[in-house]
Amino acid sequence: MTIAAALDVYIATLAREPFDWASNNCGDFIVGWVRAATGRTLTGLHDISQRAVARAVESQGGMVALVTKRLKCSPVQPAFAEVGDIMLFDVGLSGALCICNGRNAVGRDVHGAFGFLPVEEATNAWRLREVSA
């Protein structure tokens, strides 16, 4: 199965699950994607509340530093992102983690809906194939 097909299947399985800071936030979305696509299990990329996320981001020196540490790989320029790569967008309190699906990146909003953002608007990206658990 290609990464694009695996991403379609992954999104379809989540379509019925509402957003929840405790169990289904953008960090959980990425953790689940990495597990589904690579079999690797990430830790520490999701927290139990919006406040906990803000504290984690602050204590790690920002969202880019936090995500880089948790994924155990260096960010790349968003223009070089490939389908399946993880992307960061400057929205909300600490940003939003999404998954590149070509010209756009897919993520979940606080209402549980899937949203699409142009990859050109991403601030950072991390290669799925370089993620370490």
# chains A, B, ... in the order shown; residues from 1 in each chain; ligands from 1

$ select_by_dssp --residues "range 14-99 of chain A" --states "alpha helix (DSSP H)" --output "VMD selection string"
chain A and resid 14 26 to 38 50 to 59 63 to 71

$ write_last_selection --atoms "C-alpha atoms" --output "tab-separated table (two decimals), in the first residue's frame"
chain	number	residue	atom	x	y	z
A	14	LEU	CA	-10.86	8.56	12.37
A	26	CYS	CA	-3.47	17.00	16.87
A	27	GLY	CA	-0.62	15.26	18.74
A	28	ASP	CA	-2.68	12.07	18.98
A	29	PHE	CA	-3.46	12.42	15.27
A	30	ILE	CA	0.28	12.41	14.49
A	31	VAL	CA	1.11	9.64	16.98
A	32	GLY	CA	-1.57	7.43	15.41
A	33	TRP	CA	-0.38	8.25	11.89
A	34	VAL	CA	3.25	7.37	12.66
A	35	ARG	CA	2.12	4.09	14.24
A	36	ALA	CA	-0.19	3.26	11.29
A	37	ALA	CA	2.37	4.16	8.62
A	38	THR	CA	5.60	2.89	10.19
A	50	GLN	CA	-4.80	22.36	26.44
A	51	ARG	CA	-2.93	23.81	29.43
A	52	ALA	CA	-0.58	20.80	29.55
A	53	VAL	CA	0.21	21.25	25.86
A	54	ALA	CA	1.04	24.93	26.44
A	55	ARG	CA	3.33	24.02	29.36
A	56	ALA	CA	5.10	21.32	27.36
A	57	VAL	CA	5.68	23.68	24.44
A	58	GLU	CA	7.04	26.38	26.74
A	59	SER	CA	9.30	24.02	28.69
A	63	MET	CA	6.68	23.79	19.33
A	64	VAL	CA	9.44	23.15	16.76
A	65	ALA	CA	11.86	22.07	19.49
A	66	LEU	CA	9.22	19.89	21.15
A	67	VAL	CA	8.20	18.12	17.93
A	68	THR	CA	11.82	17.68	16.82
A	69	LYS	CA	12.69	16.08	20.14
A	70	ARG	CA	9.66	13.77	20.13
A	71	LEU	CA	10.05	12.69	16.49

$ residues_around --residues "Phe116 in chain A" --least-positions-apart "5" --cutoff "8 Å" --atoms "only C-alpha atoms" --output "short mmCIF file (atom, residue, chain, number, x, y, z; two decimals) with N, CA and C atoms, in the first residue's frame"
data_model
loop_
_atom_site.label_atom_id
_atom_site.label_comp_id
_atom_site.auth_asym_id
_atom_site.auth_seq_id
_atom_site.Cartn_x
_atom_site.Cartn_y
_atom_site.Cartn_z
N ASN A 104 -1.76 19.96 -0.07
CA ASN A 104 -2.33 20.40 1.20
C ASN A 104 -1.85 19.50 2.32
N ALA A 105 -2.16 19.92 3.52
CA ALA A 105 -1.91 19.09 4.69
C ALA A 105 -3.25 18.94 5.40
N VAL A 106 -3.48 17.76 5.93
CA VAL A 106 -4.74 17.48 6.60
C VAL A 106 -4.50 17.47 8.11
N GLY A 107 -5.43 18.06 8.81
CA GLY A 107 -5.37 18.08 10.27
C GLY A 107 -6.78 18.08 10.83
#

$ residues_around --residues "Asn24 in chain A" --least-positions-apart "5" --cutoff "9 Å" --atoms "only C-alpha atoms" --output "number ranges by chain"
A: 17-19, 29, 46, 112

$ write_last_selection --atoms "C-alpha atoms" --output "short mmCIF file (atom, residue, chain, number, x, y, z; two decimals), in the first residue's frame"
data_model
loop_
_atom_site.label_atom_id
_atom_site.label_comp_id
_atom_site.auth_asym_id
_atom_site.auth_seq_id
_atom_site.Cartn_x
_atom_site.Cartn_y
_atom_site.Cartn_z
CA GLU A 17 -14.05 10.30 16.41
CA PRO A 18 -14.53 13.81 17.83
CA PHE A 19 -11.65 16.06 18.87
CA PHE A 29 -3.46 12.42 15.27
CA HIS A 46 0.23 14.42 23.20
CA GLY A 112 -13.24 17.14 15.21
#

$ closest_residue --among "A:Ala4, A:Val119, A:Val9, A:Ala22" --to "Ala79 in chain A" --atoms "only C-alpha atoms"
A:Val119

$ closest_residue --among "A:His111, A:Lys72, A:Arg40, A:Arg127" --to "Ile99 in chain A" --atoms "only C-alpha atoms"
A:Arg127
